[in-house]
Amino acid sequence: MSYFGNFEAAEKIYTEIDRKDLAIDLRVRLGDWFRVVQLIKSGGGGDDKLLDRSWKEIGDYYFDRQRWSQAVTYYSQGRNVEKLIECYYILEDYENLEKQISSINESPRLLKNVANKFVSVGMCEQAVSAFIKAGDVKSAVDICVKLNQWNLAIELAEIHNFKEIEGLLSKYANHLLQSDKKLEAVELYKKANLCQLSAQLLFELAEDAVKQGKPPMLIKKIYVLGALEVERYHNLTRVVKGTNGNATAALDGLLTEDVKNVMNTRFLDNAWRGAEAYHFYLLAQRQLYTGNFLGAVQTALHLREYEDMINPKIIFSLLALLSLHSKSYGVCSKAFIKLEFLEEPDGTSTCEDLAMSILSQYPPIDSQINEVPCAGCGQLLDDRETYCSHCHLNFPTCIASGRPIMETIHFMCQVCKHRAIGSEISGMMCCPLCHTIL
């Protein structure tokens, strides 16, 4: 019957003589896969392997005719992952395409195929999952870089101990800096423990904030963050070389720190200078508004040491204002003299006129001077002085009040190493300068 092309009759005869295997074989040779599936499901012949092949062939039938959704149905039944990947990609069904990653076992070729398809549509995380499962960490990192997913690239490099992480960090940092994303670059350097670079960027940000006229509190916070990074840099450098717990290793750590230093020494040696300047600047104004005029003058006098950090005109204008309120006309006179010197030579003399109008009524003498004995030699000193000319003793400045610390017993912050008078800092929850919780 088959010879004469009467396939239906031939199949019927095979079925009647209980030879469904021959009927299935006939349909396989004819390529009638729909009928093959029917015969297998009716029992009596075929196996799972042949059934899977039948589903694939039916799927191919719809695939060739661009009927992708119907092809998916049959490829799914035949567990043909490779063809399912193609269909889902064509259908833009990326959710189901991602699910195929978990169903692929020990087939790096298929996993890389899936990864490349996700890359082609910019889906980085899914592509990385496929590459990682395929054991190709380098490709996963490269794709993150290509798609500008730098955070993910750094994370992968750290988790999988990627050897080229330093080059990757450099590329990412350059990318962020070119995009004017300095804060993101700071976070990157902090994550990589490149504290000297993160500190340098923070100091640059602080200087930019000063030029842009940002609020002093914000500027102080940026300087504090930079200083904290410098402290972390010192600690990490010493710890790396001092892990053996002996003096030689610790000394070696200090020498290595000096040799490998790439930072501006102005900031490395005086990391807290910017934070101090804006701290005292803010403290003086706070004391002014609370009515502590003498304390405000005392604090503002310290600002004369920070003319490289704060505009001198701002410093001496504040000092003149505070000393006027506290009736410290001697200080006020000196502040006006400095302001006259700083004025532009354009013929006008606003400061001189203002100084004459004030000091013509009040003699340039401080109305209230408190004297205290020097802690070293007992010599009486102006309580605003931070240096004893008799015994050459320097007094640290209290970060809570701006007063010189004459007491031998006082508070010192364990983080910023700055000092404060015990009675002034009592009741405070954190360090006034670095804001570390006490």
# chains A, B, ... in the order shown; residues from 1 in each chain; ligands from 1
>>> residues_around(residues="His325 of chain A", least_positions_apart="5", cutoff="9 Å", atoms="only C-alpha atoms", output="PyMOL selection string")
chain A and resi 288+293-294+320
>>> residues_around(residues="Met412 of chain A", least_positions_apart="6", cutoff="12 Å", atoms="only C-alpha atoms", output="number ranges by chain")
A: 396-400, 405, 418-422, 425, 430-434, 436, 438
>>> residues_around(residues="Met123 of chain A", least_positions_apart="3", cutoff="12 Å", atoms="only C-alpha atoms", output="list in words")
Tyr94, Glu95, Leu97, Glu98, Val114, Ala115, Asn116, Lys117, Phe118, Val119, Ser120, Gln126, Ala127, Val128, Ser129, Ala130, Ala140, Ile143, Cys144, Lys146, Leu147, Asn148 and Gln149 of chain A
>>> write_last_selection(atoms="N, CA, C and O atoms", output="tab-separated table (two decimals), in the first residue's frame")
chain	number	residue	atom	x	y	z
A	94	TYR	N	11.75	39.04	26.83
A	94	TYR	CA	13.01	38.94	27.57
A	94	TYR	C	12.83	38.33	28.96
A	94	TYR	O	13.79	37.78	29.51
A	95	GLU	N	11.63	38.39	29.47
A	95	GLU	CA	11.39	37.77	30.78
A	95	GLU	C	11.55	36.27	30.70
A	95	GLU	O	12.23	35.65	31.52
A	97	LEU	N	13.06	34.74	28.26
A	97	LEU	CA	14.43	34.47	27.81
A	97	LEU	C	15.37	34.40	29.01
A	97	LEU	O	16.25	33.53	29.07
A	98	GLU	N	15.16	35.27	30.00
A	98	GLU	CA	15.98	35.24	31.20
A	98	GLU	C	15.77	33.95	31.99
A	98	GLU	O	16.72	33.41	32.57
A	114	VAL	N	22.84	33.37	24.95
A	114	VAL	CA	21.82	34.15	25.66
A	114	VAL	C	22.40	35.49	26.11
A	114	VAL	O	21.76	36.55	25.97
A	115	ALA	N	23.62	35.44	26.66
A	115	ALA	CA	24.26	36.67	27.15
A	115	ALA	C	24.42	37.69	26.02
A	115	ALA	O	24.12	38.87	26.19
A	116	ASN	N	24.88	37.24	24.88
A	116	ASN	CA	25.08	38.15	23.74
A	116	ASN	C	23.76	38.76	23.26
A	116	ASN	O	23.73	39.91	22.80
A	117	LYS	N	22.70	37.99	23.36
A	117	LYS	CA	21.39	38.53	22.95
A	117	LYS	C	20.94	39.63	23.91
A	117	LYS	O	20.39	40.65	23.49
A	118	PHE	N	21.19	39.42	25.21
A	118	PHE	CA	20.85	40.47	26.17
A	118	PHE	C	21.74	41.70	25.96
A	118	PHE	O	21.27	42.84	26.10
A	119	VAL	N	23.00	41.48	25.64
A	119	VAL	CA	23.91	42.60	25.37
A	119	VAL	C	23.41	43.43	24.20
A	119	VAL	O	23.45	44.66	24.23
A	120	SER	N	22.90	42.75	23.17
A	120	SER	CA	22.45	43.45	21.96
A	120	SER	C	21.28	44.41	22.23
A	120	SER	O	21.06	45.34	21.46
A	126	GLN	N	21.13	40.84	33.12
A	126	GLN	CA	20.78	39.52	32.60
A	126	GLN	C	21.96	38.91	31.84
A	126	GLN	O	22.24	37.70	31.96
A	127	ALA	N	22.66	39.75	31.08
A	127	ALA	CA	23.82	39.27	30.33
A	127	ALA	C	24.91	38.80	31.29
A	127	ALA	O	25.54	37.75	31.07
A	128	VAL	N	25.11	39.56	32.36
A	128	VAL	CA	26.12	39.18	33.35
A	128	VAL	C	25.78	37.84	34.00
A	128	VAL	O	26.65	37.00	34.20
A	129	SER	N	24.50	37.64	34.32
A	129	SER	CA	24.08	36.37	34.93
A	129	SER	C	24.43	35.20	34.03
A	129	SER	O	24.92	34.16	34.51
A	130	ALA	N	24.20	35.36	32.73
A	130	ALA	CA	24.50	34.29	31.79
A	130	ALA	C	26.00	34.04	31.68
A	130	ALA	O	26.46	32.90	31.69
A	140	ALA	N	31.86	39.07	31.41
A	140	ALA	CA	30.84	39.74	32.21
A	140	ALA	C	31.30	41.15	32.60
A	140	ALA	O	30.56	42.12	32.50
A	143	ILE	N	31.46	43.47	29.52
A	143	ILE	CA	30.12	43.92	29.09
A	143	ILE	C	29.64	45.05	30.00
A	143	ILE	O	29.03	46.03	29.53
A	144	CYS	N	29.91	44.94	31.30
A	144	CYS	CA	29.52	46.01	32.23
A	144	CYS	C	30.21	47.32	31.83
A	144	CYS	O	29.59	48.39	31.86
A	146	LYS	N	31.37	48.07	28.82
A	146	LYS	CA	30.83	48.48	27.52
A	146	LYS	C	29.48	49.19	27.67
A	146	LYS	O	29.19	50.17	26.97
A	147	LEU	N	28.66	48.70	28.60
A	147	LEU	CA	27.33	49.28	28.80
A	147	LEU	C	27.31	50.34	29.90
A	147	LEU	O	26.25	50.74	30.38
A	148	ASN	N	28.51	50.75	30.34
A	148	ASN	CA	28.65	51.81	31.36
A	148	ASN	C	28.03	51.45	32.70
A	148	ASN	O	27.61	52.33	33.45
A	149	GLN	N	27.97	50.16	33.00
A	149	GLN	CA	27.49	49.72	34.31
A	149	GLN	C	28.71	49.49	35.21
A	149	GLN	O	29.04	48.37	35.57
>>> select_by_dssp(residues="segment 133-248 of chain A", states="helix (DSSP H, G or I)", output="MDAnalysis selection string")
chainID A and resid 133 137:146 150:159 165:178 182:191 195:211 216:241 247:248
>>> residues_around(residues="segment 282-285 of chain A", least_positions_apart="6", cutoff="8 Å", atoms="only C-alpha atoms", output="list in words")
Pro216, Met217, Gly295, Ala296, Val297, Thr299, Ala300, Ser401 and Gly402 of chain A
>>> residues_around(residues="Ala209 of chain A", least_positions_apart="2", cutoff="12 Å", atoms="only C-alpha atoms", output="list in words")
Leu202, Phe203, Glu204, Leu205, Ala206, Glu207, Lys211, Gln212, Gly213, Lys214, Pro215, Pro216, Met217, Leu218, Ile219, Lys220, Lys221, Ile222, Tyr223 and Ile310 of chain A
>>> write_last_selection(atoms="N, CA, C and O atoms", output="PDB file, in the first residue's frame")
ATOM      1  N   LEU A 202      37.712  65.126  47.370  1.00  0.00           N
ATOM      2  CA  LEU A 202      36.840  65.840  48.311  1.00  0.00           C
ATOM      3  C   LEU A 202      37.361  67.251  48.578  1.00  0.00           C
ATOM      4  O   LEU A 202      36.584  68.212  48.656  1.00  0.00           O
ATOM      5  N   PHE A 203      38.667  67.397  48.707  1.00  0.00           N
ATOM      6  CA  PHE A 203      39.228  68.733  48.907  1.00  0.00           C
ATOM      7  C   PHE A 203      38.992  69.609  47.671  1.00  0.00           C
ATOM      8  O   PHE A 203      38.739  70.814  47.794  1.00  0.00           O
ATOM      9  N   GLU A 204      39.077  69.004  46.495  1.00  0.00           N
ATOM     10  CA  GLU A 204      38.777  69.761  45.266  1.00  0.00           C
ATOM     11  C   GLU A 204      37.311  70.187  45.241  1.00  0.00           C
ATOM     12  O   GLU A 204      36.979  71.316  44.840  1.00  0.00           O
ATOM     13  N   LEU A 205      36.430  69.282  45.687  1.00  0.00           N
ATOM     14  CA  LEU A 205      35.007  69.613  45.750  1.00  0.00           C
ATOM     15  C   LEU A 205      34.755  70.763  46.727  1.00  0.00           C
ATOM     16  O   LEU A 205      33.929  71.643  46.474  1.00  0.00           O
ATOM     17  N   ALA A 206      35.466  70.740  47.845  1.00  0.00           N
ATOM     18  CA  ALA A 206      35.313  71.808  48.838  1.00  0.00           C
ATOM     19  C   ALA A 206      35.766  73.147  48.258  1.00  0.00           C
ATOM     20  O   ALA A 206      35.099  74.176  48.439  1.00  0.00           O
ATOM     21  N   GLU A 207      36.883  73.126  47.543  1.00  0.00           N
ATOM     22  CA  GLU A 207      37.380  74.369  46.933  1.00  0.00           C
ATOM     23  C   GLU A 207      36.401  74.884  45.881  1.00  0.00           C
ATOM     24  O   GLU A 207      36.171  76.093  45.769  1.00  0.00           O
ATOM     25  N   LYS A 211      34.308  78.525  45.781  1.00  0.00           N
ATOM     26  CA  LYS A 211      34.251  79.428  44.620  1.00  0.00           C
ATOM     27  C   LYS A 211      32.813  79.703  44.182  1.00  0.00           C
ATOM     28  O   LYS A 211      32.499  80.780  43.693  1.00  0.00           O
ATOM     29  N   GLN A 212      31.950  78.688  44.365  1.00  0.00           N
ATOM     30  CA  GLN A 212      30.555  78.831  43.949  1.00  0.00           C
ATOM     31  C   GLN A 212      29.688  79.496  45.014  1.00  0.00           C
ATOM     32  O   GLN A 212      28.491  79.705  44.800  1.00  0.00           O
ATOM     33  N   GLY A 213      30.271  79.827  46.157  1.00  0.00           N
ATOM     34  CA  GLY A 213      29.521  80.499  47.216  1.00  0.00           C
ATOM     35  C   GLY A 213      28.510  79.604  47.905  1.00  0.00           C
ATOM     36  O   GLY A 213      27.451  80.066  48.342  1.00  0.00           O
ATOM     37  N   LYS A 214      28.837  78.315  48.053  1.00  0.00           N
ATOM     38  CA  LYS A 214      27.934  77.368  48.733  1.00  0.00           C
ATOM     39  C   LYS A 214      27.884  77.677  50.232  1.00  0.00           C
ATOM     40  O   LYS A 214      28.769  78.357  50.770  1.00  0.00           O
ATOM     41  N   PRO A 215      26.862  77.181  50.936  1.00  0.00           N
ATOM     42  CA  PRO A 215      26.760  77.428  52.386  1.00  0.00           C
ATOM     43  C   PRO A 215      27.983  76.932  53.152  1.00  0.00           C
ATOM     44  O   PRO A 215      28.506  75.845  52.837  1.00  0.00           O
ATOM     45  N   PRO A 216      28.460  77.696  54.132  1.00  0.00           N
ATOM     46  CA  PRO A 216      29.652  77.291  54.898  1.00  0.00           C
ATOM     47  C   PRO A 216      29.517  75.930  55.561  1.00  0.00           C
ATOM     48  O   PRO A 216      30.501  75.193  55.651  1.00  0.00           O
ATOM     49  N   MET A 217      28.309  75.584  56.016  1.00  0.00           N
ATOM     50  CA  MET A 217      28.122  74.281  56.656  1.00  0.00           C
ATOM     51  C   MET A 217      28.406  73.140  55.677  1.00  0.00           C
ATOM     52  O   MET A 217      29.031  72.135  56.025  1.00  0.00           O
ATOM     53  N   LEU A 218      27.957  73.294  54.446  1.00  0.00           N
ATOM     54  CA  LEU A 218      28.221  72.277  53.424  1.00  0.00           C
ATOM     55  C   LEU A 218      29.720  72.174  53.157  1.00  0.00           C
ATOM     56  O   LEU A 218      30.264  71.063  53.055  1.00  0.00           O
ATOM     57  N   ILE A 219      30.389  73.318  53.062  1.00  0.00           N
ATOM     58  CA  ILE A 219      31.831  73.321  52.805  1.00  0.00           C
ATOM     59  C   ILE A 219      32.572  72.619  53.937  1.00  0.00           C
ATOM     60  O   ILE A 219      33.476  71.809  53.708  1.00  0.00           O
ATOM     61  N   LYS A 220      32.154  72.920  55.180  1.00  0.00           N
ATOM     62  CA  LYS A 220      32.794  72.273  56.325  1.00  0.00           C
ATOM     63  C   LYS A 220      32.619  70.752  56.272  1.00  0.00           C
ATOM     64  O   LYS A 220      33.569  69.992  56.492  1.00  0.00           O
ATOM     65  N   LYS A 221      31.415  70.308  55.937  1.00  0.00           N
ATOM     66  CA  LYS A 221      31.147  68.865  55.884  1.00  0.00           C
ATOM     67  C   LYS A 221      32.025  68.176  54.844  1.00  0.00           C
ATOM     68  O   LYS A 221      32.530  67.071  55.071  1.00  0.00           O
ATOM     69  N   ILE A 222      32.216  68.840  53.707  1.00  0.00           N
ATOM     70  CA  ILE A 222      33.061  68.243  52.661  1.00  0.00           C
ATOM     71  C   ILE A 222      34.509  68.162  53.136  1.00  0.00           C
ATOM     72  O   ILE A 222      35.192  67.154  52.938  1.00  0.00           O
ATOM     73  N   TYR A 223      34.978  69.228  53.796  1.00  0.00           N
ATOM     74  CA  TYR A 223      36.346  69.203  54.330  1.00  0.00           C
ATOM     75  C   TYR A 223      36.505  68.112  55.390  1.00  0.00           C
ATOM     76  O   TYR A 223      37.549  67.454  55.474  1.00  0.00           O
ATOM     77  N   ILE A 310      39.826  80.855  53.944  1.00  0.00           N
ATOM     78  CA  ILE A 310      38.662  81.750  53.864  1.00  0.00           C
ATOM     79  C   ILE A 310      39.136  83.120  53.403  1.00  0.00           C
ATOM     80  O   ILE A 310      40.203  83.591  53.822  1.00  0.00           O
TER      81      ILE A 310
END
>>> select_by_dssp(residues="segment 199-431 of chain A", states="strand (DSSP E or B)", output="VMD selection string")
chain A and resid 328 366 371 to 373 380 to 382 387 to 388 393 to 394 397 404 411 to 412 419 to 420 430
>>> write_last_selection(atoms="all heavy atoms", output="compact mmCIF listing (two decimals), in the first residue's frame")
# COMPACT_ATOMS: atom_id res chain seq x y z
N SER A 328 35.08 95.54 71.95
CA SER A 328 36.53 95.31 71.90
C SER A 328 37.09 96.19 70.79
O SER A 328 37.43 95.72 69.69
CB SER A 328 36.83 93.83 71.63
OG SER A 328 36.27 93.01 72.62
N ASP A 366 40.25 97.76 74.15
CA ASP A 366 39.29 96.71 74.51
C ASP A 366 38.73 96.99 75.89
O ASP A 366 39.49 97.20 76.85
CB ASP A 366 39.97 95.33 74.48
CG ASP A 366 40.41 94.94 73.08
OD1 ASP A 366 39.83 95.48 72.12
OD2 ASP A 366 41.33 94.13 72.96
N GLU A 371 42.41 88.16 82.33
CA GLU A 371 43.74 87.58 82.43
C GLU A 371 43.68 86.27 83.21
O GLU A 371 42.98 86.18 84.22
CB GLU A 371 44.71 88.55 83.09
CG GLU A 371 45.03 89.76 82.24
CD GLU A 371 46.10 90.63 82.85
OE1 GLU A 371 46.22 90.62 84.11
OE2 GLU A 371 46.84 91.29 82.10
N VAL A 372 44.43 85.29 82.73
CA VAL A 372 44.49 83.98 83.39
C VAL A 372 45.95 83.56 83.49
O VAL A 372 46.78 83.96 82.67
CB VAL A 372 43.70 82.91 82.58
CG1 VAL A 372 42.21 83.20 82.60
CG2 VAL A 372 44.20 82.82 81.15
N PRO A 373 46.30 82.79 84.53
CA PRO A 373 47.71 82.37 84.67
C PRO A 373 48.06 81.28 83.67
O PRO A 373 47.25 80.42 83.34
CB PRO A 373 47.76 81.84 86.11
CG PRO A 373 46.36 81.42 86.41
CD PRO A 373 45.46 82.35 85.65
N LEU A 380 50.68 85.84 83.96
CA LEU A 380 49.32 86.25 83.58
C LEU A 380 49.25 86.55 82.09
O LEU A 380 50.11 87.26 81.53
CB LEU A 380 48.91 87.49 84.38
CG LEU A 380 48.64 87.27 85.87
CD1 LEU A 380 48.30 88.60 86.55
CD2 LEU A 380 47.49 86.27 86.07
N LEU A 381 48.22 85.97 81.44
CA LEU A 381 48.04 86.11 80.00
C LEU A 381 46.62 86.56 79.70
O LEU A 381 45.69 86.28 80.47
CB LEU A 381 48.30 84.78 79.27
CG LEU A 381 49.66 84.12 79.44
CD1 LEU A 381 49.62 82.73 78.82
CD2 LEU A 381 50.74 84.96 78.78
N ASP A 382 46.45 87.24 78.57
CA ASP A 382 45.11 87.53 78.05
C ASP A 382 44.46 86.18 77.72
O ASP A 382 45.09 85.30 77.09
CB ASP A 382 45.25 88.37 76.77
CG ASP A 382 43.90 88.81 76.22
OD1 ASP A 382 42.89 88.18 76.55
OD2 ASP A 382 43.87 89.77 75.43
N TYR A 387 49.50 81.43 73.07
CA TYR A 387 50.96 81.21 73.20
C TYR A 387 51.50 82.05 74.35
O TYR A 387 51.16 83.23 74.50
CB TYR A 387 51.65 81.59 71.89
CG TYR A 387 53.16 81.59 71.95
CD1 TYR A 387 53.86 80.39 71.97
CD2 TYR A 387 53.88 82.79 71.98
CE1 TYR A 387 55.25 80.38 72.02
CE2 TYR A 387 55.27 82.79 72.03
CZ TYR A 387 55.95 81.57 72.04
OH TYR A 387 57.32 81.56 72.09
N CYS A 388 52.33 81.43 75.17
CA CYS A 388 52.97 82.13 76.29
C CYS A 388 54.38 82.52 75.86
O CYS A 388 55.21 81.63 75.61
CB CYS A 388 53.00 81.26 77.54
SG CYS A 388 53.87 82.05 78.93
N LEU A 393 55.08 78.22 75.67
CA LEU A 393 54.11 77.11 75.67
C LEU A 393 52.92 77.46 74.76
O LEU A 393 52.37 78.56 74.85
CB LEU A 393 53.63 76.84 77.09
CG LEU A 393 52.66 75.66 77.28
CD1 LEU A 393 53.35 74.34 76.95
CD2 LEU A 393 52.14 75.64 78.73
N ASN A 394 52.59 76.55 73.88
CA ASN A 394 51.41 76.72 73.02
C ASN A 394 50.19 76.06 73.65
O ASN A 394 50.30 74.97 74.23
CB ASN A 394 51.65 76.10 71.64
CG ASN A 394 52.56 76.95 70.79
OD1 ASN A 394 52.28 78.12 70.55
ND2 ASN A 394 53.68 76.38 70.35
N THR A 397 43.38 74.91 71.00
CA THR A 397 42.11 75.65 70.97
C THR A 397 40.94 74.70 71.21
O THR A 397 40.87 73.62 70.61
CB THR A 397 41.93 76.37 69.62
OG1 THR A 397 43.06 77.20 69.40
CG2 THR A 397 40.66 77.19 69.61
N PRO A 404 41.33 79.21 74.31
CA PRO A 404 42.57 78.45 74.52
C PRO A 404 42.41 77.52 75.73
O PRO A 404 41.79 77.91 76.73
CB PRO A 404 43.62 79.53 74.79
CG PRO A 404 43.02 80.79 74.26
CD PRO A 404 41.54 80.66 74.44
N PHE A 411 39.40 67.16 77.24
CA PHE A 411 38.88 66.12 76.33
C PHE A 411 39.65 66.14 75.01
O PHE A 411 40.05 67.20 74.52
CB PHE A 411 37.40 66.39 76.06
CG PHE A 411 36.83 65.62 74.88
CD1 PHE A 411 36.38 64.32 75.04
CD2 PHE A 411 36.77 66.21 73.62
CE1 PHE A 411 35.88 63.61 73.96
CE2 PHE A 411 36.25 65.52 72.54
CZ PHE A 411 35.80 64.21 72.71
N MET A 412 39.87 64.92 74.41
CA MET A 412 40.44 64.82 73.07
C MET A 412 39.64 63.79 72.26
O MET A 412 39.44 62.66 72.72
CB MET A 412 41.90 64.41 73.09
CG MET A 412 42.53 64.43 71.68
SD MET A 412 44.28 64.02 71.62
CE MET A 412 44.23 62.25 71.84
N ARG A 419 40.95 68.90 70.55
CA ARG A 419 40.70 68.97 71.99
C ARG A 419 39.59 69.94 72.35
O ARG A 419 39.25 70.83 71.56
CB ARG A 419 42.00 69.37 72.71
CG ARG A 419 43.16 68.42 72.41
CD ARG A 419 44.49 69.00 72.83
NE ARG A 419 45.60 68.21 72.33
CZ ARG A 419 46.18 67.19 72.97
NH1 ARG A 419 45.74 66.85 74.17
NH2 ARG A 419 47.18 66.53 72.43
N ALA A 420 39.07 69.74 73.56
CA ALA A 420 38.02 70.63 74.06
C ALA A 420 38.07 70.67 75.58
O ALA A 420 38.53 69.72 76.23
CB ALA A 420 36.65 70.15 73.59
N CYS A 430 28.10 64.50 70.19
CA CYS A 430 29.12 64.18 69.20
C CYS A 430 30.21 65.25 69.20
O CYS A 430 30.04 66.33 69.76
CB CYS A 430 28.51 64.04 67.81
SG CYS A 430 27.72 65.55 67.23
>>> closest_residue(among="A:Ser357, A:Gln178, A:Gln70, A:Gln200", to="Trp55 of chain A", atoms="only C-alpha atoms")
A:Gln70
>>> closest_atom_pairs(of="segment 209-235 of chain A", to="segment 190-198 of chain A", cutoff="12 Å", atoms="only C-alpha atoms", output="Markdown table")
| residue | atom | partner | partner_atom | distance |
| --- | --- | --- | --- | --- |
| A:Ile222 | CA | A:Ser198 | CA | 11.4 |
| A:Tyr223 | CA | A:Ser198 | CA | 11.7 |
| A:Leu225 | CA | A:Ser198 | CA | 9.3 |
| A:Gly226 | CA | A:Ser198 | CA | 7.3 |
| A:Ala227 | CA | A:Gln196 | CA | 10.0 |
| A:Leu228 | CA | A:Cys195 | CA | 9.1 |
| A:Glu229 | CA | A:Cys195 | CA | 5.3 |
| A:Val230 | CA | A:Gln196 | CA | 6.2 |
| A:Glu231 | CA | A:Cys195 | CA | 8.7 |
| A:Arg232 | CA | A:Cys195 | CA | 6.6 |
| A:Tyr233 | CA | A:Cys195 | CA | 5.1 |
| A:His234 | CA | A:Cys195 | CA | 8.9 |
| A:Asn235 | CA | A:Cys195 | CA | 10.2 |
